[in-house]
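Written out below as structure tokens is the structure these notes cover.
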Amino acid sequence: MANNTDQKLSKEKLLAEIERLKKELKKKKQYGLVWEPKTEEVVEMCKEKLPVLKEVKNKEIITDKNKPVNLLIEGDNYHALSVLNYTHAKKVDVIYIDPPYNTGNKDFIFNDHYVDREDAYRHSKWLAFMEKRLKLAKNLLKDIGVIFVSIDDNEMAELKLLMDDRNRGLFGEDNFLGTIVRRRRESQANLSKNLSTIHEYVLCYAKSSRAQLNKLLPELDKSDFINLDNDSRGPYVTMPCTNKGGTKYTIITPTGKKYTDEWRFKKETYSNLLKDNRIVFPNRGNGKPRYKLFYSEKMEKGVIPNTWWDDAASNQEATIELKAIFGGDLIFNNPKPTGLIKKLIKLSTLKDGIILDFMAGSGTTGHAVLEVNKEDGGDRKFILCTNNENNNGNGYKIAEDICYPRIKKVIEGYKNLKGQKVEGLGGNLKYFKTDFVDYDEPTDRNKIKLTEQATEMLCVKEGTFEKVLPARRSLGAGGDQKSFKVFKNANHYTSIIFDQAEIPTFKKAIKNIKEKFSIYVFSLGDETFDDEFKDVKQKVQLSPIPEAILRVYRRIFK
């Protein structure tokens, strides 16, 4: 009897263990990418050095102080994205990137070396590179934000699986919006062994289910629309009512002719359209019915774009465009056309959106944003991040010699290849470089050092770039102008207080300013100094530094 009981208990324990293991297996990843982890030097250095921003003052471009300020950040995009995780978390509407396609033809650098096609870890290195940057980029998007990634067949399959992987902190299959297939070449080259590749892809993902693409307003020629019967709804084109596989029934024209066919609409819908004067009968009322598509409705509602884009400008057009800007020289290989980026911007942003390209290359995204703003009167802002490497060995540095000069020419105007003046699009630009603060441990000295170097990061975060210098006498007896700094834009102020003992002096200096303040107070801990500002709490937002910055960096670099 005892043996039977023991056997029963052992069986129950075994079944319980099996169920436990089943649950554990369900938790494990069962499908997805597996690759060899690869250490990246630019990531490892952040364990001892923290990235900050330093402005290059002589590269500032200001054409209208009332317009938004765009940003160009020179440096490794991992470091730039790390800084932006503090300054622009959940602020970006749209991200577009054109990453290295990893063709093995000197287009992808990992740890200062080109990755060769024969490298056994070619895909692993590329995936490690992309995963880190896409995770940082996702943090920057608003909940309604979207990301577009250009790619070709070399890494298309890998990229799709990577971005589908929510377990790695990426976007997830549920947020996949679609894959745009774009015609990248106008003509076909017969150099391939088998198929001539004339397409590329743009993968589209949303940050969350709240994101939704705009319906593009179609570019319609109004001359194609007519209004023969003076319809009060305006001009229209007519479309066939028949549709193979539709509902079959018989209609009778005004002249009594019968048509039996498969129709686009159900019979009840057809009758309602007829009553609403939306059905016409060509050939003096004897032809098959057609329905009216009004110009006003088409423009108001727009159309849902499809995934085949053969009209969004080719890469050849992009090369011609870049040559025109730089006097005929081909200084950058494989630029993207502004027509493509403009279409993506129109599809995904409102007029005040922020667009980020952290693989900016020749600066096409910035150029496209400025053009769209000019066309519709928008105030969109761009953030471009690019390194300053020698562009494929041709002697031109990407940030200094290509991206920045292009944006400057487009803003201020230039002469094209025919010597004709191309008017500038206007706009403002601030140029920053990534820099570093030694920070191997959270000592008081290191915290002071980081705070002293964080000023420009805070200005970028708040969008306040105009420096306000109070007169020395306003700081009180023994005051020092370096005890706090104040910056402003049209409707907002940012203050950095380096010595909490100067808070009373600072409050006196700002008492007559009505605009709101973002105030950063140096603290060795996490103190926000609410009590010191309780009498003006309605117009200030307080934050301790460097703890607010360190909190973000601890999450990123853990």
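Within each chain, counting starts at residue 1; across the structure tokens, chains are named A, B, ... in the order shown, with ligands numbered 1 upward in that order.
For Ile355 in chain A, the non-local neighbours within 8 Å, defined as residues at least 3 positions apart in the same chain or in other chains and counting only C-alpha atoms, are A:Val92, A:Asp93, A:Val94, A:Ile95, A:Tyr96, A:Val369, A:Arg380, A:Lys381, A:Phe382, A:Ile383.
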Problem set entry | Contact residues around Glu456 in chain A with only C-alpha atoms at 10 Å, ignoring same-chain residues under 2 positions, as a PyMOL selection string | chain A and resi 52-55+432+452-454+458-462+464-465
Writing out the chosen residues with all heavy atoms as a short mmCIF file (atom, residue, chain, number, x, y, z; two decimals), in the first residue's frame:
```cif
data_model
loop_
_atom_site.label_atom_id
_atom_site.label_comp_id
_atom_site.auth_asym_id
_atom_site.auth_seq_id
_atom_site.Cartn_x
_atom_site.Cartn_y
_atom_site.Cartn_z
N VAL A 52 28.54 64.10 -24.24
CA VAL A 52 27.87 65.40 -24.12
C VAL A 52 27.96 66.08 -25.48
O VAL A 52 28.51 65.53 -26.43
CB VAL A 52 28.52 66.28 -23.02
CG1 VAL A 52 28.29 65.69 -21.64
CG2 VAL A 52 30.00 66.48 -23.29
N LEU A 53 27.41 67.27 -25.58
CA LEU A 53 27.45 68.03 -26.83
C LEU A 53 28.25 69.31 -26.66
O LEU A 53 28.20 69.96 -25.62
CB LEU A 53 26.03 68.40 -27.28
CG LEU A 53 25.09 67.26 -27.68
CD1 LEU A 53 23.73 67.83 -28.08
CD2 LEU A 53 25.68 66.43 -28.81
N LYS A 54 28.98 69.66 -27.71
CA LYS A 54 29.71 70.93 -27.76
C LYS A 54 29.36 71.64 -29.06
O LYS A 54 29.51 71.06 -30.14
CB LYS A 54 31.23 70.69 -27.69
CG LYS A 54 31.72 70.26 -26.33
CD LYS A 54 31.54 71.36 -25.32
CE LYS A 54 31.97 70.92 -23.93
NZ LYS A 54 31.64 71.95 -22.91
N GLU A 55 28.92 72.87 -28.96
CA GLU A 55 28.53 73.60 -30.16
C GLU A 55 29.75 74.11 -30.92
O GLU A 55 30.72 74.57 -30.33
CB GLU A 55 27.62 74.78 -29.83
CG GLU A 55 27.12 75.49 -31.08
CD GLU A 55 26.22 76.67 -30.81
OE1 GLU A 55 25.94 76.94 -29.63
OE2 GLU A 55 25.80 77.33 -31.79
N PHE A 432 26.61 70.81 -33.68
CA PHE A 432 27.23 70.30 -32.46
C PHE A 432 28.14 69.12 -32.78
O PHE A 432 27.94 68.42 -33.76
CB PHE A 432 26.16 69.84 -31.45
CG PHE A 432 25.31 70.94 -30.91
CD1 PHE A 432 24.13 71.31 -31.55
CD2 PHE A 432 25.67 71.61 -29.76
CE1 PHE A 432 23.34 72.33 -31.05
CE2 PHE A 432 24.89 72.63 -29.24
CZ PHE A 432 23.72 72.99 -29.90
N GLU A 452 29.31 70.82 -15.34
CA GLU A 452 29.95 71.94 -16.04
C GLU A 452 29.93 71.76 -17.55
O GLU A 452 29.90 72.73 -18.31
CB GLU A 452 31.40 72.08 -15.55
CG GLU A 452 31.51 72.60 -14.13
CD GLU A 452 32.95 72.59 -13.62
OE1 GLU A 452 33.79 71.90 -14.25
OE2 GLU A 452 33.23 73.23 -12.60
N GLN A 453 29.94 70.49 -18.01
CA GLN A 453 29.99 70.22 -19.44
C GLN A 453 28.61 69.99 -20.06
O GLN A 453 28.52 69.76 -21.27
CB GLN A 453 30.85 68.97 -19.69
CG GLN A 453 32.29 69.10 -19.24
CD GLN A 453 33.02 70.21 -19.97
OE1 GLN A 453 32.91 70.33 -21.18
NE2 GLN A 453 33.78 71.01 -19.23
N ALA A 454 27.56 70.07 -19.26
CA ALA A 454 26.22 69.70 -19.75
C ALA A 454 25.40 70.88 -20.23
O ALA A 454 24.25 70.70 -20.67
CB ALA A 454 25.46 68.97 -18.65
N LEU A 458 21.58 70.85 -22.17
CA LEU A 458 20.35 71.39 -21.58
C LEU A 458 19.69 72.40 -22.51
O LEU A 458 18.46 72.47 -22.61
CB LEU A 458 20.66 72.02 -20.22
CG LEU A 458 21.22 71.05 -19.18
CD1 LEU A 458 21.58 71.80 -17.89
CD2 LEU A 458 20.24 69.94 -18.88
N CYS A 459 20.50 73.19 -23.21
CA CYS A 459 19.95 74.15 -24.18
C CYS A 459 19.26 73.41 -25.33
O CYS A 459 18.20 73.83 -25.81
CB CYS A 459 21.06 75.05 -24.72
SG CYS A 459 21.66 76.25 -23.51
N VAL A 460 19.86 72.31 -25.76
CA VAL A 460 19.25 71.50 -26.82
C VAL A 460 17.95 70.89 -26.33
O VAL A 460 16.94 70.87 -27.04
CB VAL A 460 20.23 70.40 -27.28
CG1 VAL A 460 19.52 69.36 -28.15
CG2 VAL A 460 21.39 71.02 -28.06
N LYS A 461 17.94 70.40 -25.11
CA LYS A 461 16.74 69.79 -24.54
C LYS A 461 15.58 70.79 -24.50
O LYS A 461 14.44 70.46 -24.82
CB LYS A 461 17.03 69.28 -23.13
CG LYS A 461 15.85 68.69 -22.39
CD LYS A 461 16.26 68.17 -21.03
CE LYS A 461 15.07 67.77 -20.19
NZ LYS A 461 14.31 66.64 -20.75
N GLU A 462 15.89 72.02 -24.12
CA GLU A 462 14.84 73.03 -23.95
C GLU A 462 14.60 73.86 -25.20
O GLU A 462 13.62 74.60 -25.27
CB GLU A 462 15.20 73.95 -22.77
CG GLU A 462 15.34 73.25 -21.44
CD GLU A 462 14.03 72.69 -20.92
OE1 GLU A 462 12.97 73.18 -21.37
OE2 GLU A 462 14.05 71.78 -20.08
N THR A 464 16.41 76.38 -26.10
CA THR A 464 16.70 77.77 -25.73
C THR A 464 18.18 78.04 -25.99
O THR A 464 19.03 77.56 -25.24
CB THR A 464 16.38 78.01 -24.24
OG1 THR A 464 17.00 76.98 -23.46
CG2 THR A 464 14.89 78.00 -23.99
N PHE A 465 18.47 78.83 -27.03
CA PHE A 465 19.85 79.00 -27.45
C PHE A 465 20.38 80.43 -27.28
O PHE A 465 21.57 80.67 -27.38
CB PHE A 465 20.00 78.59 -28.91
CG PHE A 465 19.69 77.14 -29.16
CD1 PHE A 465 18.52 76.75 -29.78
CD2 PHE A 465 20.57 76.15 -28.74
CE1 PHE A 465 18.23 75.42 -30.00
CE2 PHE A 465 20.29 74.81 -28.95
CZ PHE A 465 19.11 74.44 -29.59
#
```
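For the choices A:Leu322, A:Leu162, A:Ile354, A:Ile331, the atom-to-atom distance to Asp401 in chain A is smallest for A:Ile331 when using only C-alpha atoms.
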For this session: May I have the residues within 6 Å of range 175-179 of chain A as a ChimeraX atom specification, using only C-alpha atoms and disregarding those fewer than 3 positions away in the same chain?
Result: /A:172,202-206
Problem set entry | Shell of 7 Å around Asp98 in chain A, only C-alpha atoms, local chain residues under 5 positions omitted, as a ChimeraX atom specification | /A:149-151,359
Exercise. Mind checking DSSP for range 84-259 of chain A and telling me the helix (DSSP H, G or I) residues as a PyMOL selection string?
Worked result: chain A and resi 84-87+122-140+156-164+166-168+173-175+222-224
Selected residues written out, N, CA and C atoms, as a tab-separated table (two decimals), in the first residue's frame:
```
chain	number	residue	atom	x	y	z
A	84	LEU	N	20.63	62.22	-27.20
A	84	LEU	CA	19.23	62.51	-27.55
A	84	LEU	C	18.25	61.76	-26.66
A	85	ASN	N	18.67	60.64	-26.08
A	85	ASN	CA	17.81	59.93	-25.14
A	85	ASN	C	17.53	60.77	-23.90
A	86	TYR	N	18.41	61.71	-23.62
A	86	TYR	CA	18.14	62.66	-22.53
A	86	TYR	C	17.40	63.90	-23.05
A	87	THR	N	17.83	64.45	-24.17
A	87	THR	CA	17.27	65.72	-24.63
A	87	THR	C	15.95	65.57	-25.38
A	122	ARG	N	29.89	38.70	-40.75
A	122	ARG	CA	29.38	39.92	-41.40
A	122	ARG	C	27.97	40.27	-40.92
A	123	HIS	N	27.07	39.31	-40.94
A	123	HIS	CA	25.70	39.58	-40.52
A	123	HIS	C	25.60	39.82	-39.01
A	124	SER	N	26.38	39.09	-38.24
A	124	SER	CA	26.35	39.28	-36.78
A	124	SER	C	26.79	40.69	-36.40
A	125	LYS	N	27.86	41.18	-37.03
A	125	LYS	CA	28.34	42.53	-36.73
A	125	LYS	C	27.29	43.57	-37.10
A	126	TRP	N	26.66	43.38	-38.25
A	126	TRP	CA	25.64	44.34	-38.71
A	126	TRP	C	24.45	44.33	-37.77
A	127	LEU	N	24.00	43.15	-37.35
A	127	LEU	CA	22.85	43.06	-36.46
A	127	LEU	C	23.16	43.65	-35.09
A	128	ALA	N	24.37	43.40	-34.57
A	128	ALA	CA	24.76	43.99	-33.29
A	128	ALA	C	24.76	45.51	-33.38
A	129	PHE	N	25.28	46.02	-34.48
A	129	PHE	CA	25.33	47.46	-34.74
A	129	PHE	C	23.92	48.05	-34.79
A	130	MET	N	23.03	47.43	-35.56
A	130	MET	CA	21.69	47.96	-35.75
A	130	MET	C	20.83	47.83	-34.49
A	131	GLU	N	20.94	46.71	-33.80
A	131	GLU	CA	20.11	46.51	-32.61
A	131	GLU	C	20.31	47.62	-31.59
A	132	LYS	N	21.56	47.93	-31.29
A	132	LYS	CA	21.85	48.95	-30.28
A	132	LYS	C	21.26	50.30	-30.67
A	133	ARG	N	21.37	50.67	-31.92
A	133	ARG	CA	20.91	51.98	-32.36
A	133	ARG	C	19.39	52.05	-32.50
A	134	LEU	N	18.79	50.98	-32.95
A	134	LEU	CA	17.33	50.97	-33.07
A	134	LEU	C	16.66	51.01	-31.70
A	135	LYS	N	17.25	50.37	-30.71
A	135	LYS	CA	16.69	50.42	-29.36
A	135	LYS	C	16.74	51.84	-28.81
A	136	LEU	N	17.87	52.53	-28.99
A	136	LEU	CA	17.97	53.91	-28.54
A	136	LEU	C	17.02	54.81	-29.32
A	137	ALA	N	16.87	54.55	-30.61
A	137	ALA	CA	16.00	55.37	-31.45
A	137	ALA	C	14.54	55.22	-31.05
A	138	LYS	N	14.13	54.02	-30.72
A	138	LYS	CA	12.73	53.80	-30.34
A	138	LYS	C	12.34	54.66	-29.14
A	139	ASN	N	13.26	54.84	-28.19
A	139	ASN	CA	12.98	55.65	-27.01
A	139	ASN	C	12.68	57.11	-27.37
A	140	LEU	N	13.16	57.56	-28.51
A	140	LEU	CA	12.99	58.96	-28.90
A	140	LEU	C	11.63	59.24	-29.51
A	156	MET	N	17.70	42.67	-45.85
A	156	MET	CA	16.26	42.86	-45.69
A	156	MET	C	15.66	41.82	-44.74
A	157	ALA	N	15.94	40.55	-44.95
A	157	ALA	CA	15.35	39.49	-44.13
A	157	ALA	C	15.77	39.64	-42.68
A	158	GLU	N	17.05	39.92	-42.45
A	158	GLU	CA	17.56	40.06	-41.08
A	158	GLU	C	16.95	41.27	-40.39
A	159	LEU	N	16.86	42.39	-41.10
A	159	LEU	CA	16.31	43.61	-40.51
A	159	LEU	C	14.85	43.44	-40.13
A	160	LYS	N	14.08	42.81	-40.98
A	160	LYS	CA	12.66	42.60	-40.68
A	160	LYS	C	12.50	41.77	-39.41
A	161	LEU	N	13.23	40.67	-39.29
A	161	LEU	CA	13.14	39.84	-38.09
A	161	LEU	C	13.63	40.60	-36.85
A	162	LEU	N	14.66	41.40	-37.01
A	162	LEU	CA	15.19	42.17	-35.88
A	162	LEU	C	14.13	43.17	-35.38
A	163	MET	N	13.55	43.93	-36.29
A	163	MET	CA	12.58	44.95	-35.88
A	163	MET	C	11.28	44.33	-35.37
A	164	ASP	N	10.99	43.12	-35.77
A	164	ASP	CA	9.81	42.40	-35.27
A	164	ASP	C	9.98	41.94	-33.82
A	166	ARG	N	10.10	42.13	-30.30
A	166	ARG	CA	9.74	42.96	-29.14
A	166	ARG	C	10.53	42.53	-27.90
A	167	ASN	N	10.93	41.25	-27.83
A	167	ASN	CA	11.68	40.77	-26.66
A	167	ASN	C	13.03	41.45	-26.53
A	168	ARG	N	13.56	41.96	-27.62
A	168	ARG	CA	14.83	42.69	-27.57
A	168	ARG	C	14.61	44.19	-27.36
A	173	GLU	N	6.07	42.74	-34.18
A	173	GLU	CA	5.29	42.45	-35.39
A	173	GLU	C	3.99	43.24	-35.44
A	174	ASP	N	3.37	43.47	-34.29
A	174	ASP	CA	2.08	44.15	-34.25
A	174	ASP	C	2.19	45.59	-34.74
A	175	ASN	N	3.38	46.15	-34.66
A	175	ASN	CA	3.56	47.55	-35.07
A	175	ASN	C	4.18	47.69	-36.46
A	222	LYS	N	-6.27	69.13	-62.00
A	222	LYS	CA	-7.68	69.54	-61.95
A	222	LYS	C	-8.28	69.65	-63.34
A	223	SER	N	-7.44	69.80	-64.35
A	223	SER	CA	-7.96	69.93	-65.72
A	223	SER	C	-8.62	68.63	-66.19
A	224	ASP	N	-8.32	67.51	-65.51
A	224	ASP	CA	-8.95	66.25	-65.89
A	224	ASP	C	-10.39	66.15	-65.37
```
For this session: Skip range 39-51 of chain A itself and residues of its chain fewer than 3 positions away, then list as an MDAnalysis selection string all residues within 7 Å of it, counting only C-alpha atoms.
Result: chainID A and resid 79 83 111 434:440 557
Include all heavy atoms and write out the residues we just selected as a compact mmCIF listing (two decimals), in the first residue's frame.
```
# COMPACT_ATOMS: atom_id res chain seq x y z
N HIS A 79 26.69 57.54 -29.88
CA HIS A 79 26.87 58.59 -28.88
C HIS A 79 25.82 59.69 -29.04
O HIS A 79 25.28 60.20 -28.05
CB HIS A 79 28.28 59.18 -28.99
CG HIS A 79 29.35 58.17 -28.76
ND1 HIS A 79 30.54 58.17 -29.46
CD2 HIS A 79 29.42 57.11 -27.91
CE1 HIS A 79 31.29 57.16 -29.04
NE2 HIS A 79 30.63 56.50 -28.11
N VAL A 83 22.89 60.89 -26.20
CA VAL A 83 22.58 62.26 -25.76
C VAL A 83 21.11 62.58 -26.03
O VAL A 83 20.42 63.13 -25.17
CB VAL A 83 23.49 63.28 -26.48
CG1 VAL A 83 23.04 64.70 -26.17
CG2 VAL A 83 24.94 63.09 -26.06
N ASN A 111 34.03 48.79 -35.68
CA ASN A 111 35.29 48.91 -34.93
C ASN A 111 36.44 49.35 -35.83
O ASN A 111 37.53 48.76 -35.85
CB ASN A 111 35.64 47.59 -34.23
CG ASN A 111 34.72 47.32 -33.04
OD1 ASN A 111 34.04 48.23 -32.55
ND2 ASN A 111 34.69 46.09 -32.58
N THR A 434 29.78 65.63 -30.74
CA THR A 434 29.76 64.86 -29.50
C THR A 434 31.12 64.98 -28.83
O THR A 434 32.16 64.95 -29.49
CB THR A 434 29.45 63.37 -29.77
OG1 THR A 434 30.36 62.87 -30.76
CG2 THR A 434 28.02 63.18 -30.24
N ASP A 435 31.09 65.15 -27.53
CA ASP A 435 32.31 65.21 -26.72
C ASP A 435 32.11 64.27 -25.54
O ASP A 435 31.05 63.65 -25.40
CB ASP A 435 32.55 66.65 -26.27
CG ASP A 435 34.01 66.91 -25.87
OD1 ASP A 435 34.79 65.94 -25.86
OD2 ASP A 435 34.35 68.06 -25.57
N PHE A 436 33.12 64.18 -24.66
CA PHE A 436 33.04 63.20 -23.58
C PHE A 436 33.56 63.78 -22.28
O PHE A 436 34.45 64.63 -22.27
CB PHE A 436 33.82 61.94 -23.94
CG PHE A 436 33.29 61.26 -25.16
CD1 PHE A 436 33.78 61.59 -26.41
CD2 PHE A 436 32.28 60.33 -25.06
CE1 PHE A 436 33.27 61.00 -27.55
CE2 PHE A 436 31.76 59.74 -26.19
CZ PHE A 436 32.25 60.06 -27.43
N VAL A 437 32.97 63.31 -21.19
CA VAL A 437 33.41 63.65 -19.85
C VAL A 437 33.86 62.36 -19.18
O VAL A 437 33.10 61.38 -19.14
CB VAL A 437 32.27 64.29 -19.04
CG1 VAL A 437 32.73 64.58 -17.62
CG2 VAL A 437 31.79 65.57 -19.72
N ASP A 438 35.09 62.34 -18.68
CA ASP A 438 35.56 61.15 -17.96
C ASP A 438 34.67 60.92 -16.74
O ASP A 438 34.44 61.83 -15.94
CB ASP A 438 37.01 61.35 -17.49
CG ASP A 438 37.98 61.36 -18.66
OD1 ASP A 438 37.68 60.71 -19.68
OD2 ASP A 438 39.03 62.01 -18.55
N TYR A 439 34.16 59.69 -16.63
CA TYR A 439 33.23 59.42 -15.53
C TYR A 439 33.27 57.92 -15.24
O TYR A 439 32.41 57.16 -15.65
CB TYR A 439 31.81 59.83 -15.94
CG TYR A 439 30.86 59.96 -14.77
CD1 TYR A 439 30.62 61.20 -14.20
CD2 TYR A 439 30.22 58.85 -14.25
CE1 TYR A 439 29.75 61.32 -13.13
CE2 TYR A 439 29.36 58.95 -13.17
CZ TYR A 439 29.13 60.20 -12.62
OH TYR A 439 28.26 60.33 -11.55
N ASP A 440 34.30 57.52 -14.53
CA ASP A 440 34.44 56.09 -14.24
C ASP A 440 33.67 55.67 -13.01
O ASP A 440 33.37 54.49 -12.81
CB ASP A 440 35.91 55.72 -14.10
CG ASP A 440 36.66 56.60 -13.09
OD1 ASP A 440 36.08 57.63 -12.68
OD2 ASP A 440 37.78 56.26 -12.73
N PHE A 557 23.49 52.50 -20.51
CA PHE A 557 24.81 51.87 -20.47
C PHE A 557 24.92 50.77 -19.43
O PHE A 557 26.02 50.33 -19.11
CB PHE A 557 25.89 52.92 -20.19
CG PHE A 557 25.88 54.07 -21.15
CD1 PHE A 557 26.08 55.37 -20.70
CD2 PHE A 557 25.67 53.87 -22.50
CE1 PHE A 557 26.09 56.45 -21.59
CE2 PHE A 557 25.65 54.94 -23.39
CZ PHE A 557 25.86 56.23 -22.93
```
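The shortest atom-to-atom distance to Lys215 in chain A, with only C-alpha atoms taken into account, belongs to A:Lys298 out of A:Arg183, A:Lys298, A:Lys397, A:Lys90.
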Test item: residues at most 10 Å from Ile398 in chain A, only C-alpha atoms, excluding those fewer than 6 positions along its chain, as a short mmCIF file (atom, residue, chain, number, x, y, z; two decimals) with all heavy atoms, in the first residue's frame:
```cif
data_model
loop_
_atom_site.label_atom_id
_atom_site.label_comp_id
_atom_site.auth_asym_id
_atom_site.auth_seq_id
_atom_site.Cartn_x
_atom_site.Cartn_y
_atom_site.Cartn_z
N GLU A 74 27.60 66.10 -35.18
CA GLU A 74 28.72 65.36 -35.75
C GLU A 74 29.27 64.41 -34.69
O GLU A 74 29.61 64.82 -33.58
CB GLU A 74 29.82 66.31 -36.20
CG GLU A 74 31.09 65.62 -36.68
CD GLU A 74 32.27 66.57 -36.79
OE1 GLU A 74 32.08 67.72 -37.24
OE2 GLU A 74 33.39 66.17 -36.41
N ILE A 331 30.57 63.95 -54.78
CA ILE A 331 31.35 63.88 -53.54
C ILE A 331 30.75 62.89 -52.55
O ILE A 331 31.30 62.71 -51.46
CB ILE A 331 31.46 65.27 -52.89
CG1 ILE A 331 30.08 65.77 -52.45
CG2 ILE A 331 32.11 66.26 -53.83
CD1 ILE A 331 30.14 67.05 -51.65
N PHE A 332 29.65 62.26 -52.91
CA PHE A 332 29.03 61.29 -52.01
C PHE A 332 28.37 60.20 -52.84
O PHE A 332 27.61 60.49 -53.77
CB PHE A 332 27.98 61.98 -51.12
CG PHE A 332 27.44 61.10 -50.03
CD1 PHE A 332 28.10 61.00 -48.81
CD2 PHE A 332 26.26 60.38 -50.21
CE1 PHE A 332 27.60 60.19 -47.81
CE2 PHE A 332 25.76 59.58 -49.20
CZ PHE A 332 26.43 59.47 -47.99
N ALA A 360 22.65 60.38 -41.35
CA ALA A 360 22.24 61.44 -42.27
C ALA A 360 23.04 61.50 -43.57
O ALA A 360 22.55 62.04 -44.56
CB ALA A 360 22.33 62.79 -41.56
N GLY A 361 24.28 60.99 -43.58
CA GLY A 361 25.04 60.98 -44.83
C GLY A 361 25.14 62.34 -45.47
O GLY A 361 25.68 63.30 -44.90
N SER A 362 24.61 62.49 -46.68
CA SER A 362 24.75 63.74 -47.42
C SER A 362 23.75 64.81 -46.98
O SER A 362 23.78 65.93 -47.48
CB SER A 362 24.57 63.48 -48.93
OG SER A 362 23.23 63.13 -49.22
N GLY A 363 22.82 64.47 -46.08
CA GLY A 363 21.88 65.47 -45.57
C GLY A 363 20.58 65.56 -46.32
O GLY A 363 19.85 66.55 -46.19
N THR A 386 25.55 62.49 -38.03
CA THR A 386 26.44 61.81 -38.97
C THR A 386 27.87 61.88 -38.46
O THR A 386 28.25 62.81 -37.74
CB THR A 386 26.34 62.41 -40.38
OG1 THR A 386 27.09 61.62 -41.30
CG2 THR A 386 26.86 63.84 -40.42
N ASN A 387 28.66 60.91 -38.84
CA ASN A 387 30.07 60.94 -38.45
C ASN A 387 30.84 61.84 -39.42
O ASN A 387 30.28 62.39 -40.36
CB ASN A 387 30.67 59.53 -38.42
CG ASN A 387 30.58 58.83 -39.77
OD1 ASN A 387 30.86 59.42 -40.82
ND2 ASN A 387 30.20 57.56 -39.76
N ASN A 388 32.13 61.98 -39.15
CA ASN A 388 32.96 62.83 -40.01
C ASN A 388 34.06 62.01 -40.68
O ASN A 388 35.16 62.49 -40.91
CB ASN A 388 33.57 63.98 -39.19
CG ASN A 388 33.94 65.16 -40.07
OD1 ASN A 388 33.30 65.41 -41.10
ND2 ASN A 388 34.96 65.90 -39.68
N GLU A 389 33.72 60.75 -40.97
CA GLU A 389 34.70 59.88 -41.62
C GLU A 389 34.96 60.31 -43.06
O GLU A 389 34.13 60.98 -43.68
CB GLU A 389 34.19 58.43 -41.61
CG GLU A 389 34.09 57.83 -40.22
CD GLU A 389 33.34 56.51 -40.24
OE1 GLU A 389 32.81 56.14 -41.31
OE2 GLU A 389 33.27 55.86 -39.18
N ASN A 390 36.10 59.91 -43.56
CA ASN A 390 36.41 60.11 -44.97
C ASN A 390 35.41 59.29 -45.79
O ASN A 390 35.26 58.10 -45.58
CB ASN A 390 37.84 59.65 -45.25
CG ASN A 390 38.33 60.06 -46.62
OD1 ASN A 390 37.61 59.95 -47.60
ND2 ASN A 390 39.56 60.52 -46.68
N ASN A 391 34.72 59.96 -46.71
CA ASN A 391 33.66 59.29 -47.46
C ASN A 391 34.24 58.33 -48.50
O ASN A 391 34.60 58.72 -49.61
CB ASN A 391 32.76 60.33 -48.15
CG ASN A 391 31.66 59.68 -48.96
OD1 ASN A 391 31.10 58.67 -48.55
ND2 ASN A 391 31.38 60.24 -50.12
N ASN A 392 34.34 57.05 -48.11
CA ASN A 392 34.78 56.00 -49.02
C ASN A 392 36.13 56.31 -49.67
O ASN A 392 36.39 55.98 -50.82
CB ASN A 392 33.71 55.77 -50.10
CG ASN A 392 33.80 54.37 -50.70
OD1 ASN A 392 34.35 53.46 -50.09
ND2 ASN A 392 33.24 54.22 -51.87
N TYR A 404 27.01 69.31 -43.89
CA TYR A 404 26.85 70.70 -43.47
C TYR A 404 26.83 71.66 -44.66
O TYR A 404 25.92 72.51 -44.75
CB TYR A 404 27.94 71.10 -42.48
CG TYR A 404 27.92 72.57 -42.15
CD1 TYR A 404 26.95 73.11 -41.31
CD2 TYR A 404 28.87 73.44 -42.69
CE1 TYR A 404 26.92 74.46 -41.02
CE2 TYR A 404 28.86 74.79 -42.41
CZ TYR A 404 27.87 75.30 -41.58
OH TYR A 404 27.84 76.65 -41.31
N PRO A 405 27.80 71.58 -45.61
CA PRO A 405 27.75 72.50 -46.76
C PRO A 405 26.46 72.38 -47.56
O PRO A 405 25.93 73.38 -48.06
CB PRO A 405 28.96 72.09 -47.58
CG PRO A 405 29.91 71.48 -46.61
CD PRO A 405 29.03 70.77 -45.63
#
```
For this session: Would you return as a ChimeraX atom specification the members of range 11-245 of chain A that DSSP assigns to strand (DSSP E) on this structure's backbone?
Result: /A:49-55,61-62,69-74,92-97,109-110,113-114,141-151,176-183,199-206,236-240,242-245
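Distances to Cys241 in chain A were evaluated for A:Lys65, A:Lys292, A:Lys343, A:Lys57 using only C-alpha atoms, and the minimum falls at A:Lys292.
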Exercise. Nearest to Asp499 in chain A: which of A:Lys67, A:Lys485, A:Arg551, A:Lys267 is it, counting only C-alpha atoms?
Worked result: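 Distance minimum relative to Asp499 in chain A lands on A:Lys485.
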For this session: Please identify all polymer residues within 9 Å of Gly104 in chain A, counting only C-alpha atoms, omitting same-chain residues fewer than 4 positions from it, and present them as a PyMOL selection string.
Result: chain A and resi 108+114-119+122
Exercise. To one decimal place, how far is CA of Gln420 in chain A from CA of Ala318 in chain A in Å?
Worked result: 19.2 Å
Problem set entry | Minimum-distance residue to Leu330 in chain A, chosen among A:Gly395, A:Thr247, A:Thr365, A:Ile279 (using only C-alpha atoms) | A:Gly395
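The residue that comes closest to Glu317 in chain A, out of A:Lys408, A:Arg185, A:Lys558, A:Lys539 and on the basis of only C-alpha atoms, is A:Arg185.
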